Amino acid sequence: MPSRRKAASLSRKTAELGFAVPVVVAHRVARMALAGPAPSARDREEFMLMVMEKQLAFGQAWWAMATQSMLAGQVVLESMLRLPWSPWLPGSPSPGASAARLQEAALAVRHGGLEPVHRKAVANSKRLARTPLR
């Protein structure tokens, strides 16, 4: 069943994000505290990178969710248009199959929004774990 795999993938990515984010936040807050009022060039570069990658990841997440929402809207519209005629149309999906398609579309929206944020946070967690604070 594809929706079970997608749901499991979404759950796994959410859990990974839950572990990666505190590592990244702790490292960056400690770096800000150690930098004080006069951060070094390396610190300023990291802080600028932090802002830019957040903007990029959330922009990508927004775009992916908007795209998946449009596709989900098409699935909803098709289901709504076909359902009243389903007793007379050969090969029409049952109401249960239509509900499964809607669930699949909703999972795709969530997955699309989580993917860019997950990818960047996990990569940052791995990178910052190897980077000394000073």
# chains A, B, ... in the order shown; residues from 1 in each chain; ligands from 1
>>> select_by_dssp(residues="segment 29-111 of chain A", states="helix (DSSP H, G or I)", output="short mmCIF file (atom, residue, chain, number, x, y, z; two decimals) with all heavy atoms, in the first residue's frame")
data_model
loop_
_atom_site.label_atom_id
_atom_site.label_comp_id
_atom_site.auth_asym_id
_atom_site.auth_seq_id
_atom_site.Cartn_x
_atom_site.Cartn_y
_atom_site.Cartn_z
N VAL A 29 23.37 28.56 18.96
CA VAL A 29 23.20 29.45 20.12
C VAL A 29 24.50 29.52 20.90
O VAL A 29 24.91 30.61 21.35
CB VAL A 29 22.02 28.98 21.00
CG1 VAL A 29 22.00 29.69 22.34
CG2 VAL A 29 20.70 29.21 20.27
N ALA A 30 25.18 28.39 21.07
CA ALA A 30 26.47 28.40 21.76
C ALA A 30 27.48 29.24 20.98
O ALA A 30 28.24 30.01 21.59
CB ALA A 30 26.99 26.98 21.92
N ARG A 31 27.45 29.13 19.68
CA ARG A 31 28.37 29.91 18.85
C ARG A 31 28.08 31.41 18.99
O ARG A 31 28.98 32.23 19.06
CB ARG A 31 28.24 29.47 17.39
CG ARG A 31 29.17 30.21 16.50
CD ARG A 31 29.12 29.64 15.11
NE ARG A 31 30.49 29.54 14.66
CZ ARG A 31 30.94 28.66 13.83
NH1 ARG A 31 30.15 27.77 13.32
NH2 ARG A 31 32.20 28.66 13.48
N MET A 32 26.79 31.77 19.03
CA MET A 32 26.43 33.19 19.21
C MET A 32 26.88 33.69 20.58
O MET A 32 27.38 34.81 20.70
CB MET A 32 24.92 33.37 19.07
CG MET A 32 24.40 33.30 17.68
SD MET A 32 22.61 33.52 17.69
CE MET A 32 22.18 32.70 16.18
N ALA A 33 26.69 32.86 21.60
CA ALA A 33 27.09 33.26 22.96
C ALA A 33 28.61 33.43 23.06
O ALA A 33 29.09 34.38 23.69
CB ALA A 33 26.60 32.24 23.97
N LEU A 34 29.36 32.52 22.45
CA LEU A 34 30.81 32.62 22.49
C LEU A 34 31.34 33.78 21.64
O LEU A 34 32.38 34.35 21.95
CB LEU A 34 31.45 31.31 22.02
CG LEU A 34 31.28 30.12 22.97
CD1 LEU A 34 31.78 28.84 22.31
CD2 LEU A 34 32.03 30.37 24.27
N ALA A 35 30.63 34.10 20.56
CA ALA A 35 31.08 35.18 19.68
C ALA A 35 30.95 36.54 20.35
O ALA A 35 31.76 37.43 20.13
CB ALA A 35 30.28 35.16 18.37
N ALA A 41 34.91 36.65 11.50
CA ALA A 41 34.45 36.51 10.12
C ALA A 41 33.81 35.14 9.91
O ALA A 41 32.79 35.01 9.22
CB ALA A 41 35.62 36.71 9.16
N ARG A 42 34.38 34.12 10.52
CA ARG A 42 33.82 32.77 10.41
C ARG A 42 32.44 32.69 11.06
O ARG A 42 31.52 32.07 10.51
CB ARG A 42 34.78 31.78 11.08
CG ARG A 42 34.35 30.35 10.99
CD ARG A 42 35.43 29.43 11.56
NE ARG A 42 34.80 28.21 12.00
CZ ARG A 42 34.89 27.69 13.20
NH1 ARG A 42 35.64 28.24 14.10
NH2 ARG A 42 34.27 26.57 13.50
N ASP A 43 32.28 33.36 12.21
CA ASP A 43 30.98 33.39 12.88
C ASP A 43 29.95 34.15 12.04
O ASP A 43 28.81 33.71 11.88
CB ASP A 43 31.09 34.04 14.26
CG ASP A 43 31.83 33.16 15.25
OD1 ASP A 43 31.81 31.92 15.08
OD2 ASP A 43 32.44 33.72 16.18
N ARG A 44 30.35 35.29 11.50
CA ARG A 44 29.42 36.08 10.67
C ARG A 44 28.99 35.28 9.45
O ARG A 44 27.83 35.32 9.04
CB ARG A 44 30.06 37.40 10.25
CG ARG A 44 30.12 38.42 11.37
CD ARG A 44 30.47 39.80 10.85
NE ARG A 44 31.71 39.84 10.08
CZ ARG A 44 32.92 40.02 10.59
NH1 ARG A 44 33.06 40.19 11.89
NH2 ARG A 44 33.99 40.04 9.82
N GLU A 45 29.92 34.53 8.87
CA GLU A 45 29.59 33.71 7.71
C GLU A 45 28.57 32.62 8.08
O GLU A 45 27.61 32.38 7.35
CB GLU A 45 30.86 33.07 7.15
CG GLU A 45 30.62 32.25 5.90
CD GLU A 45 31.91 31.66 5.37
OE1 GLU A 45 33.00 32.23 5.57
OE2 GLU A 45 31.82 30.59 4.74
N GLU A 46 28.78 32.00 9.23
CA GLU A 46 27.84 30.96 9.70
C GLU A 46 26.47 31.56 9.99
O GLU A 46 25.45 30.97 9.65
CB GLU A 46 28.40 30.27 10.95
CG GLU A 46 27.51 29.19 11.51
CD GLU A 46 27.37 27.98 10.60
OE1 GLU A 46 28.31 27.65 9.87
OE2 GLU A 46 26.28 27.36 10.63
N PHE A 47 26.43 32.74 10.60
CA PHE A 47 25.14 33.37 10.91
C PHE A 47 24.41 33.78 9.64
O PHE A 47 23.19 33.63 9.54
CB PHE A 47 25.34 34.58 11.82
CG PHE A 47 26.00 34.24 13.15
CD1 PHE A 47 26.73 35.20 13.83
CD2 PHE A 47 25.91 32.98 13.70
CE1 PHE A 47 27.34 34.91 15.04
CE2 PHE A 47 26.52 32.67 14.91
CZ PHE A 47 27.24 33.64 15.58
N MET A 48 25.14 34.26 8.65
CA MET A 48 24.52 34.63 7.38
C MET A 48 24.01 33.38 6.67
O MET A 48 22.90 33.38 6.11
CB MET A 48 25.53 35.37 6.49
CG MET A 48 24.93 35.82 5.18
SD MET A 48 23.60 37.02 5.37
CE MET A 48 24.55 38.49 5.56
N LEU A 49 24.80 32.32 6.72
CA LEU A 49 24.38 31.06 6.11
C LEU A 49 23.11 30.54 6.78
O LEU A 49 22.19 30.04 6.11
CB LEU A 49 25.50 30.03 6.24
CG LEU A 49 25.23 28.64 5.67
CD1 LEU A 49 25.06 28.70 4.16
CD2 LEU A 49 26.37 27.71 6.03
N MET A 50 23.04 30.69 8.10
CA MET A 50 21.88 30.24 8.86
C MET A 50 20.61 30.92 8.35
O MET A 50 19.59 30.27 8.11
CB MET A 50 22.10 30.56 10.34
CG MET A 50 20.93 30.28 11.23
SD MET A 50 21.26 30.64 12.97
CE MET A 50 21.59 32.38 12.95
N VAL A 51 20.67 32.22 8.15
CA VAL A 51 19.49 32.96 7.69
C VAL A 51 19.14 32.58 6.25
O VAL A 51 17.98 32.31 5.93
CB VAL A 51 19.73 34.48 7.82
CG1 VAL A 51 18.61 35.27 7.17
CG2 VAL A 51 19.89 34.86 9.28
N MET A 52 20.14 32.52 5.40
CA MET A 52 19.89 32.25 3.98
C MET A 52 19.33 30.84 3.76
O MET A 52 18.40 30.65 2.97
CB MET A 52 21.17 32.45 3.18
CG MET A 52 21.56 33.90 3.05
SD MET A 52 23.17 34.18 2.27
CE MET A 52 23.11 33.15 0.85
N GLU A 53 19.86 29.87 4.47
CA GLU A 53 19.38 28.51 4.24
C GLU A 53 17.98 28.29 4.80
O GLU A 53 17.21 27.51 4.26
CB GLU A 53 20.36 27.46 4.75
CG GLU A 53 20.59 27.45 6.20
CD GLU A 53 21.80 26.62 6.60
OE1 GLU A 53 22.61 26.26 5.74
OE2 GLU A 53 21.92 26.35 7.80
N LYS A 54 17.64 29.02 5.88
CA LYS A 54 16.26 28.94 6.39
C LYS A 54 15.29 29.51 5.36
O LYS A 54 14.24 28.93 5.09
CB LYS A 54 16.14 29.70 7.70
CG LYS A 54 16.52 28.91 8.91
CD LYS A 54 16.21 29.69 10.15
CE LYS A 54 16.60 28.96 11.40
NZ LYS A 54 17.98 28.62 11.53
N GLN A 55 15.64 30.67 4.80
CA GLN A 55 14.77 31.28 3.81
C GLN A 55 14.60 30.36 2.61
O GLN A 55 13.49 30.18 2.10
CB GLN A 55 15.33 32.63 3.36
CG GLN A 55 15.26 33.68 4.43
CD GLN A 55 15.98 34.96 4.03
OE1 GLN A 55 16.78 34.98 3.11
NE2 GLN A 55 15.67 36.04 4.73
N LEU A 56 15.70 29.78 2.15
CA LEU A 56 15.65 28.89 0.99
C LEU A 56 14.83 27.64 1.29
O LEU A 56 13.95 27.26 0.50
CB LEU A 56 17.06 28.51 0.55
CG LEU A 56 17.15 27.58 -0.65
CD1 LEU A 56 16.58 28.25 -1.89
CD2 LEU A 56 18.59 27.18 -0.88
N ALA A 57 15.08 27.00 2.42
CA ALA A 57 14.37 25.76 2.76
C ALA A 57 12.87 26.02 2.93
O ALA A 57 12.04 25.25 2.43
CB ALA A 57 14.94 25.14 4.03
N PHE A 58 12.50 27.11 3.60
CA PHE A 58 11.08 27.38 3.78
C PHE A 58 10.42 27.83 2.48
O PHE A 58 9.25 27.52 2.24
CB PHE A 58 10.86 28.37 4.92
CG PHE A 58 10.98 27.71 6.26
CD1 PHE A 58 12.08 27.94 7.06
CD2 PHE A 58 10.02 26.84 6.72
CE1 PHE A 58 12.22 27.33 8.29
CE2 PHE A 58 10.14 26.21 7.95
CZ PHE A 58 11.25 26.46 8.74
N GLY A 59 11.15 28.53 1.64
CA GLY A 59 10.62 28.87 0.32
C GLY A 59 10.38 27.63 -0.52
O GLY A 59 9.34 27.50 -1.18
N GLN A 60 11.33 26.70 -0.50
CA GLN A 60 11.16 25.44 -1.23
C GLN A 60 10.00 24.63 -0.65
O GLN A 60 9.23 24.02 -1.40
CB GLN A 60 12.44 24.62 -1.17
CG GLN A 60 13.56 25.18 -2.00
CD GLN A 60 14.88 24.45 -1.77
OE1 GLN A 60 15.06 23.77 -0.75
NE2 GLN A 60 15.80 24.61 -2.69
N ALA A 61 9.88 24.62 0.67
CA ALA A 61 8.77 23.89 1.31
C ALA A 61 7.43 24.50 0.91
O ALA A 61 6.48 23.79 0.58
CB ALA A 61 8.94 23.90 2.83
N TRP A 62 7.36 25.81 0.93
CA TRP A 62 6.12 26.49 0.55
C TRP A 62 5.76 26.15 -0.89
O TRP A 62 4.61 25.84 -1.20
CB TRP A 62 6.28 28.00 0.72
CG TRP A 62 5.03 28.74 0.39
CD1 TRP A 62 4.00 29.03 1.23
CD2 TRP A 62 4.68 29.28 -0.88
NE1 TRP A 62 3.02 29.71 0.56
CE2 TRP A 62 3.42 29.88 -0.74
CE3 TRP A 62 5.30 29.31 -2.12
CZ2 TRP A 62 2.77 30.50 -1.80
CZ3 TRP A 62 4.64 29.93 -3.17
CH2 TRP A 62 3.40 30.51 -3.01
N TRP A 63 6.73 26.22 -1.79
CA TRP A 63 6.48 25.94 -3.20
C TRP A 63 6.04 24.49 -3.40
O TRP A 63 5.10 24.22 -4.15
CB TRP A 63 7.73 26.24 -4.02
CG TRP A 63 7.47 26.11 -5.48
CD1 TRP A 63 7.86 25.09 -6.29
CD2 TRP A 63 6.73 27.01 -6.30
NE1 TRP A 63 7.42 25.30 -7.56
CE2 TRP A 63 6.72 26.48 -7.61
CE3 TRP A 63 6.09 28.21 -6.06
CZ2 TRP A 63 6.08 27.10 -8.67
CZ3 TRP A 63 5.45 28.85 -7.12
CH2 TRP A 63 5.45 28.29 -8.40
N ALA A 64 6.71 23.56 -2.73
CA ALA A 64 6.35 22.15 -2.86
C ALA A 64 4.94 21.90 -2.34
O ALA A 64 4.16 21.16 -2.95
CB ALA A 64 7.35 21.27 -2.11
N MET A 65 4.59 22.53 -1.22
CA MET A 65 3.24 22.34 -0.67
C MET A 65 2.20 22.99 -1.57
O MET A 65 1.10 22.44 -1.74
CB MET A 65 3.17 22.90 0.75
CG MET A 65 3.92 22.06 1.74
SD MET A 65 3.84 22.70 3.41
CE MET A 65 2.21 22.19 3.88
N ALA A 66 2.50 24.14 -2.14
CA ALA A 66 1.55 24.79 -3.05
C ALA A 66 1.32 23.93 -4.28
O ALA A 66 0.18 23.74 -4.72
CB ALA A 66 2.07 26.17 -3.44
N THR A 67 2.39 23.37 -4.82
CA THR A 67 2.27 22.51 -6.00
C THR A 67 1.45 21.26 -5.67
O THR A 67 0.53 20.89 -6.41
CB THR A 67 3.66 22.10 -6.51
OG1 THR A 67 4.40 23.29 -6.79
CG2 THR A 67 3.58 21.24 -7.74
N GLN A 68 1.78 20.61 -4.57
CA GLN A 68 1.05 19.41 -4.18
C GLN A 68 -0.40 19.73 -3.83
O GLN A 68 -1.30 18.92 -4.08
CB GLN A 68 1.73 18.72 -3.00
CG GLN A 68 3.03 18.06 -3.34
CD GLN A 68 2.87 16.95 -4.37
OE1 GLN A 68 1.87 16.25 -4.41
NE2 GLN A 68 3.86 16.81 -5.21
N SER A 69 -0.66 20.92 -3.28
CA SER A 69 -2.04 21.32 -2.98
C SER A 69 -2.85 21.49 -4.25
O SER A 69 -4.04 21.15 -4.30
CB SER A 69 -2.06 22.62 -2.17
OG SER A 69 -1.52 22.40 -0.90
N MET A 70 -2.22 22.06 -5.28
CA MET A 70 -2.93 22.19 -6.56
C MET A 70 -3.26 20.81 -7.13
O MET A 70 -4.37 20.58 -7.61
CB MET A 70 -2.09 22.98 -7.56
CG MET A 70 -2.07 24.46 -7.28
SD MET A 70 -1.29 25.51 -8.51
CE MET A 70 -0.47 24.45 -9.63
N LEU A 71 -2.32 19.89 -7.06
CA LEU A 71 -2.57 18.53 -7.54
C LEU A 71 -3.65 17.85 -6.69
O LEU A 71 -4.51 17.14 -7.22
CB LEU A 71 -1.29 17.71 -7.52
CG LEU A 71 -0.19 18.19 -8.49
CD1 LEU A 71 1.10 17.40 -8.26
CD2 LEU A 71 -0.65 18.08 -9.92
N ALA A 72 -3.62 18.08 -5.39
CA ALA A 72 -4.64 17.51 -4.51
C ALA A 72 -6.01 18.10 -4.83
O ALA A 72 -7.03 17.39 -4.79
CB ALA A 72 -4.29 17.76 -3.05
N GLY A 73 -6.05 19.37 -5.17
CA GLY A 73 -7.31 20.00 -5.56
C GLY A 73 -7.89 19.36 -6.80
O GLY A 73 -9.12 19.18 -6.91
N GLN A 74 -7.04 18.97 -7.72
CA GLN A 74 -7.51 18.27 -8.91
C GLN A 74 -8.09 16.90 -8.56
O GLN A 74 -9.10 16.48 -9.12
CB GLN A 74 -6.38 18.13 -9.93
CG GLN A 74 -5.97 19.45 -10.53
CD GLN A 74 -4.75 19.31 -11.43
OE1 GLN A 74 -4.12 18.26 -11.49
NE2 GLN A 74 -4.43 20.38 -12.14
N VAL A 75 -7.44 16.22 -7.63
CA VAL A 75 -7.95 14.92 -7.19
C VAL A 75 -9.30 15.08 -6.52
O VAL A 75 -10.24 14.31 -6.79
CB VAL A 75 -6.94 14.25 -6.21
CG1 VAL A 75 -7.55 13.03 -5.53
CG2 VAL A 75 -5.67 13.88 -6.94
N VAL A 76 -9.45 16.10 -5.68
CA VAL A 76 -10.72 16.35 -5.00
C VAL A 76 -11.81 16.67 -6.03
O VAL A 76 -12.92 16.14 -5.96
CB VAL A 76 -10.57 17.49 -3.97
CG1 VAL A 76 -11.92 17.94 -3.45
CG2 VAL A 76 -9.69 17.07 -2.83
N LEU A 77 -11.50 17.54 -6.97
CA LEU A 77 -12.48 17.92 -7.98
C LEU A 77 -12.91 16.71 -8.81
O LEU A 77 -14.11 16.50 -9.04
CB LEU A 77 -11.90 19.00 -8.90
CG LEU A 77 -12.83 19.48 -10.01
CD1 LEU A 77 -14.09 20.11 -9.41
CD2 LEU A 77 -12.12 20.47 -10.90
N GLU A 78 -11.94 15.91 -9.23
CA GLU A 78 -12.30 14.72 -10.01
C GLU A 78 -13.18 13.77 -9.19
O GLU A 78 -14.17 13.25 -9.70
CB GLU A 78 -11.05 13.98 -10.47
CG GLU A 78 -11.37 12.75 -11.28
CD GLU A 78 -10.20 11.83 -11.47
OE1 GLU A 78 -9.12 12.09 -10.92
OE2 GLU A 78 -10.40 10.81 -12.14
N SER A 79 -12.84 13.58 -7.94
CA SER A 79 -13.65 12.70 -7.09
C SER A 79 -15.05 13.24 -6.91
O SER A 79 -16.03 12.48 -6.96
CB SER A 79 -12.99 12.53 -5.72
OG SER A 79 -11.78 11.85 -5.84
N MET A 80 -15.16 14.54 -6.71
CA MET A 80 -16.48 15.14 -6.52
C MET A 80 -17.33 15.04 -7.78
O MET A 80 -18.54 14.83 -7.71
CB MET A 80 -16.33 16.60 -6.09
CG MET A 80 -15.84 16.77 -4.67
SD MET A 80 -15.52 18.49 -4.24
CE MET A 80 -17.11 19.24 -4.49
N LEU A 81 -16.70 15.19 -8.94
CA LEU A 81 -17.44 15.13 -10.19
C LEU A 81 -17.84 13.70 -10.56
O LEU A 81 -18.89 13.48 -11.16
CB LEU A 81 -16.63 15.75 -11.33
CG LEU A 81 -16.41 17.26 -11.23
CD1 LEU A 81 -15.49 17.73 -12.33
CD2 LEU A 81 -17.74 18.00 -11.28
N ARG A 82 -17.01 12.74 -10.21
CA ARG A 82 -17.29 11.35 -10.59
C ARG A 82 -18.20 10.63 -9.60
O ARG A 82 -18.92 9.71 -9.99
CB ARG A 82 -15.99 10.57 -10.71
CG ARG A 82 -15.16 11.02 -11.89
CD ARG A 82 -14.01 10.14 -12.08
NE ARG A 82 -14.49 8.97 -12.82
CZ ARG A 82 -13.70 8.02 -13.26
NH1 ARG A 82 -12.43 8.06 -12.99
NH2 ARG A 82 -14.20 7.01 -13.93
N LEU A 83 -18.16 11.01 -8.36
CA LEU A 83 -18.89 10.25 -7.34
C LEU A 83 -20.40 10.17 -7.59
O LEU A 83 -20.97 9.08 -7.50
CB LEU A 83 -18.59 10.82 -5.95
CG LEU A 83 -18.96 9.94 -4.78
CD1 LEU A 83 -18.25 8.59 -4.89
CD2 LEU A 83 -18.58 10.60 -3.48
N PRO A 84 -21.08 11.27 -7.93
CA PRO A 84 -22.53 11.13 -8.16
C PRO A 84 -22.87 10.22 -9.35
O PRO A 84 -23.95 9.63 -9.38
CB PRO A 84 -22.99 12.56 -8.44
CG PRO A 84 -21.93 13.43 -7.93
CD PRO A 84 -20.66 12.65 -8.00
N TRP A 85 -21.96 10.11 -10.31
CA TRP A 85 -22.23 9.31 -11.50
C TRP A 85 -21.66 7.90 -11.39
O TRP A 85 -21.81 7.10 -12.31
CB TRP A 85 -21.63 10.00 -12.72
CG TRP A 85 -22.18 11.38 -12.89
CD1 TRP A 85 -21.55 12.54 -12.60
CD2 TRP A 85 -23.47 11.74 -13.35
NE1 TRP A 85 -22.36 13.61 -12.84
CE2 TRP A 85 -23.57 13.14 -13.31
CE3 TRP A 85 -24.58 11.01 -13.78
CZ2 TRP A 85 -24.71 13.82 -13.69
CZ3 TRP A 85 -25.72 11.70 -14.16
CH2 TRP A 85 -25.77 13.08 -14.11
N PRO A 95 -16.41 4.88 -3.30
CA PRO A 95 -16.15 5.97 -2.35
C PRO A 95 -14.91 5.70 -1.48
O PRO A 95 -14.17 6.61 -1.16
CB PRO A 95 -17.42 6.02 -1.50
CG PRO A 95 -18.49 5.47 -2.39
CD PRO A 95 -17.81 4.43 -3.23
N GLY A 96 -14.67 4.44 -1.15
CA GLY A 96 -13.48 4.10 -0.36
C GLY A 96 -12.20 4.37 -1.13
O GLY A 96 -11.22 4.85 -0.58
N ALA A 97 -12.22 4.05 -2.44
CA ALA A 97 -11.04 4.31 -3.27
C ALA A 97 -10.83 5.81 -3.43
O ALA A 97 -9.68 6.29 -3.45
CB ALA A 97 -11.20 3.65 -4.63
N SER A 98 -11.91 6.57 -3.52
CA SER A 98 -11.78 8.03 -3.61
C SER A 98 -11.19 8.60 -2.33
O SER A 98 -10.34 9.49 -2.37
CB SER A 98 -13.16 8.67 -3.88
OG SER A 98 -13.64 8.29 -5.14
N ALA A 99 -11.63 8.08 -1.19
CA ALA A 99 -11.09 8.54 0.09
C ALA A 99 -9.60 8.20 0.20
O ALA A 99 -8.82 9.01 0.72
CB ALA A 99 -11.86 7.90 1.24
N ALA A 100 -9.21 7.04 -0.31
CA ALA A 100 -7.79 6.66 -0.28
C ALA A 100 -6.97 7.61 -1.16
O ALA A 100 -5.85 7.97 -0.79
CB ALA A 100 -7.62 5.22 -0.75
N ARG A 101 -7.50 8.01 -2.30
CA ARG A 101 -6.80 8.96 -3.17
C ARG A 101 -6.65 10.31 -2.49
O ARG A 101 -5.62 10.98 -2.61
CB ARG A 101 -7.54 9.12 -4.50
CG ARG A 101 -7.40 7.91 -5.40
CD ARG A 101 -8.06 8.10 -6.72
NE ARG A 101 -7.38 9.15 -7.47
CZ ARG A 101 -7.96 9.87 -8.42
NH1 ARG A 101 -9.22 9.66 -8.75
NH2 ARG A 101 -7.29 10.81 -9.05
N LEU A 102 -7.68 10.73 -1.76
CA LEU A 102 -7.60 12.00 -1.04
C LEU A 102 -6.56 11.93 0.08
O LEU A 102 -5.80 12.88 0.30
CB LEU A 102 -8.96 12.37 -0.45
CG LEU A 102 -10.06 12.67 -1.46
CD1 LEU A 102 -11.39 12.91 -0.76
CD2 LEU A 102 -9.69 13.86 -2.31
N GLN A 103 -6.51 10.80 0.77
CA GLN A 103 -5.50 10.63 1.82
C GLN A 103 -4.11 10.65 1.22
O GLN A 103 -3.19 11.25 1.77
CB GLN A 103 -5.73 9.33 2.57
CG GLN A 103 -4.72 9.10 3.68
CD GLN A 103 -4.91 7.77 4.36
OE1 GLN A 103 -5.62 6.89 3.87
NE2 GLN A 103 -4.26 7.60 5.50
N GLU A 104 -3.94 10.00 0.08
CA GLU A 104 -2.66 9.97 -0.62
C GLU A 104 -2.24 11.40 -1.00
O GLU A 104 -1.07 11.77 -0.86
CB GLU A 104 -2.88 9.13 -1.87
CG GLU A 104 -1.80 8.40 -2.52
CD GLU A 104 -0.87 7.60 -1.69
OE1 GLU A 104 -1.29 6.75 -0.90
OE2 GLU A 104 0.33 7.82 -1.86
N ALA A 105 -3.19 12.20 -1.47
CA ALA A 105 -2.89 13.58 -1.86
C ALA A 105 -2.49 14.42 -0.65
O ALA A 105 -1.56 15.22 -0.71
CB ALA A 105 -4.10 14.20 -2.56
N ALA A 106 -3.18 14.21 0.48
CA ALA A 106 -2.84 14.96 1.70
C ALA A 106 -1.44 14.60 2.20
O ALA A 106 -0.68 15.48 2.63
CB ALA A 106 -3.88 14.69 2.78
N LEU A 107 -1.10 13.32 2.14
CA LEU A 107 0.25 12.90 2.53
C LEU A 107 1.31 13.51 1.62
O LEU A 107 2.39 13.88 2.07
CB LEU A 107 0.36 11.38 2.52
CG LEU A 107 -0.25 10.64 3.70
CD1 LEU A 107 -0.24 9.14 3.47
CD2 LEU A 107 0.46 10.99 4.99
N ALA A 108 1.00 13.62 0.34
CA ALA A 108 1.95 14.21 -0.61
C ALA A 108 2.18 15.69 -0.29
O ALA A 108 3.31 16.17 -0.40
CB ALA A 108 1.44 14.05 -2.04
N VAL A 109 1.15 16.40 0.14
CA VAL A 109 1.31 17.81 0.52
C VAL A 109 2.23 17.92 1.73
O VAL A 109 3.17 18.71 1.74
CB VAL A 109 -0.06 18.47 0.82
CG1 VAL A 109 0.11 19.86 1.40
CG2 VAL A 109 -0.91 18.53 -0.45
N ARG A 110 1.97 17.10 2.74
CA ARG A 110 2.81 17.14 3.94
C ARG A 110 4.25 16.74 3.64
O ARG A 110 5.19 17.35 4.14
CB ARG A 110 2.23 16.23 5.02
CG ARG A 110 0.96 16.76 5.59
CD ARG A 110 0.45 15.89 6.72
NE ARG A 110 -1.00 15.86 6.62
CZ ARG A 110 -1.72 14.77 6.70
NH1 ARG A 110 -1.16 13.61 6.92
NH2 ARG A 110 -3.02 14.84 6.59
N HIS A 111 4.40 15.71 2.86
CA HIS A 111 5.74 15.22 2.52
C HIS A 111 6.50 16.29 1.73
O HIS A 111 7.68 16.52 1.98
CB HIS A 111 5.63 13.93 1.71
CG HIS A 111 6.91 13.19 1.59
ND1 HIS A 111 7.99 13.68 0.90
CD2 HIS A 111 7.29 11.98 2.06
CE1 HIS A 111 8.96 12.82 0.95
NE2 HIS A 111 8.58 11.78 1.66
#
>>> residues_around(residues="segment 129-131 of chain A", least_positions_apart="3", cutoff="12 Å", atoms="only C-alpha atoms", output="PyMOL selection string")
chain A and resi 20-28+31+42-43+46+121-126+134
>>> write_last_selection(atoms="C-alpha atoms", output="PDB file, in the first residue's frame")
ATOM      1  CA  ALA A  20      18.487  17.145  14.202  1.00  0.00           C
ATOM      2  CA  VAL A  21      16.951  20.515  15.103  1.00  0.00           C
ATOM      3  CA  PRO A  22      18.039  20.631  18.773  1.00  0.00           C
ATOM      4  CA  VAL A  23      21.617  19.792  17.757  1.00  0.00           C
ATOM      5  CA  VAL A  24      21.676  22.625  15.216  1.00  0.00           C
ATOM      6  CA  VAL A  25      20.016  25.127  17.562  1.00  0.00           C
ATOM      7  CA  ALA A  26      22.329  24.258  20.473  1.00  0.00           C
ATOM      8  CA  HIS A  27      25.431  24.601  18.311  1.00  0.00           C
ATOM      9  CA  ARG A  28      24.360  27.919  16.836  1.00  0.00           C
ATOM     10  CA  ARG A  31      28.366  29.910  18.853  1.00  0.00           C
ATOM     11  CA  ARG A  42      33.825  32.766  10.411  1.00  0.00           C
ATOM     12  CA  ASP A  43      30.976  33.390  12.879  1.00  0.00           C
ATOM     13  CA  GLU A  46      27.844  30.960   9.698  1.00  0.00           C
ATOM     14  CA  ALA A 121      18.325  20.397   9.035  1.00  0.00           C
ATOM     15  CA  VAL A 122      19.818  16.893   8.887  1.00  0.00           C
ATOM     16  CA  ALA A 123      22.701  18.103   6.711  1.00  0.00           C
ATOM     17  CA  ASN A 124      23.356  20.975   9.141  1.00  0.00           C
ATOM     18  CA  SER A 125      23.241  18.628  12.108  1.00  0.00           C
ATOM     19  CA  LYS A 126      25.894  16.400  10.551  1.00  0.00           C
ATOM     20  CA  ARG A 134      35.928  28.116  18.081  1.00  0.00           C
TER      21      ARG A 134
END
>>> atom_distance(atom1="atom CA of Arg4 of chain A", atom2="atom CA of Ser86 of chain A")
26.3 Å
>>> atom_distance(atom1="atom CA of Ser9 of chain A", atom2="atom CA of Leu114 of chain A")
10.7 Å
>>> atom_distance(atom1="atom CA of Pro116 of chain A", atom2="atom CA of Leu128 of chain A")
18.0 Å
>>> closest_residue(among="A:Gly113, A:Ser40, A:Lys120, A:Ser94", to="Leu10 of chain A", atoms="only C-alpha atoms")
A:Gly113
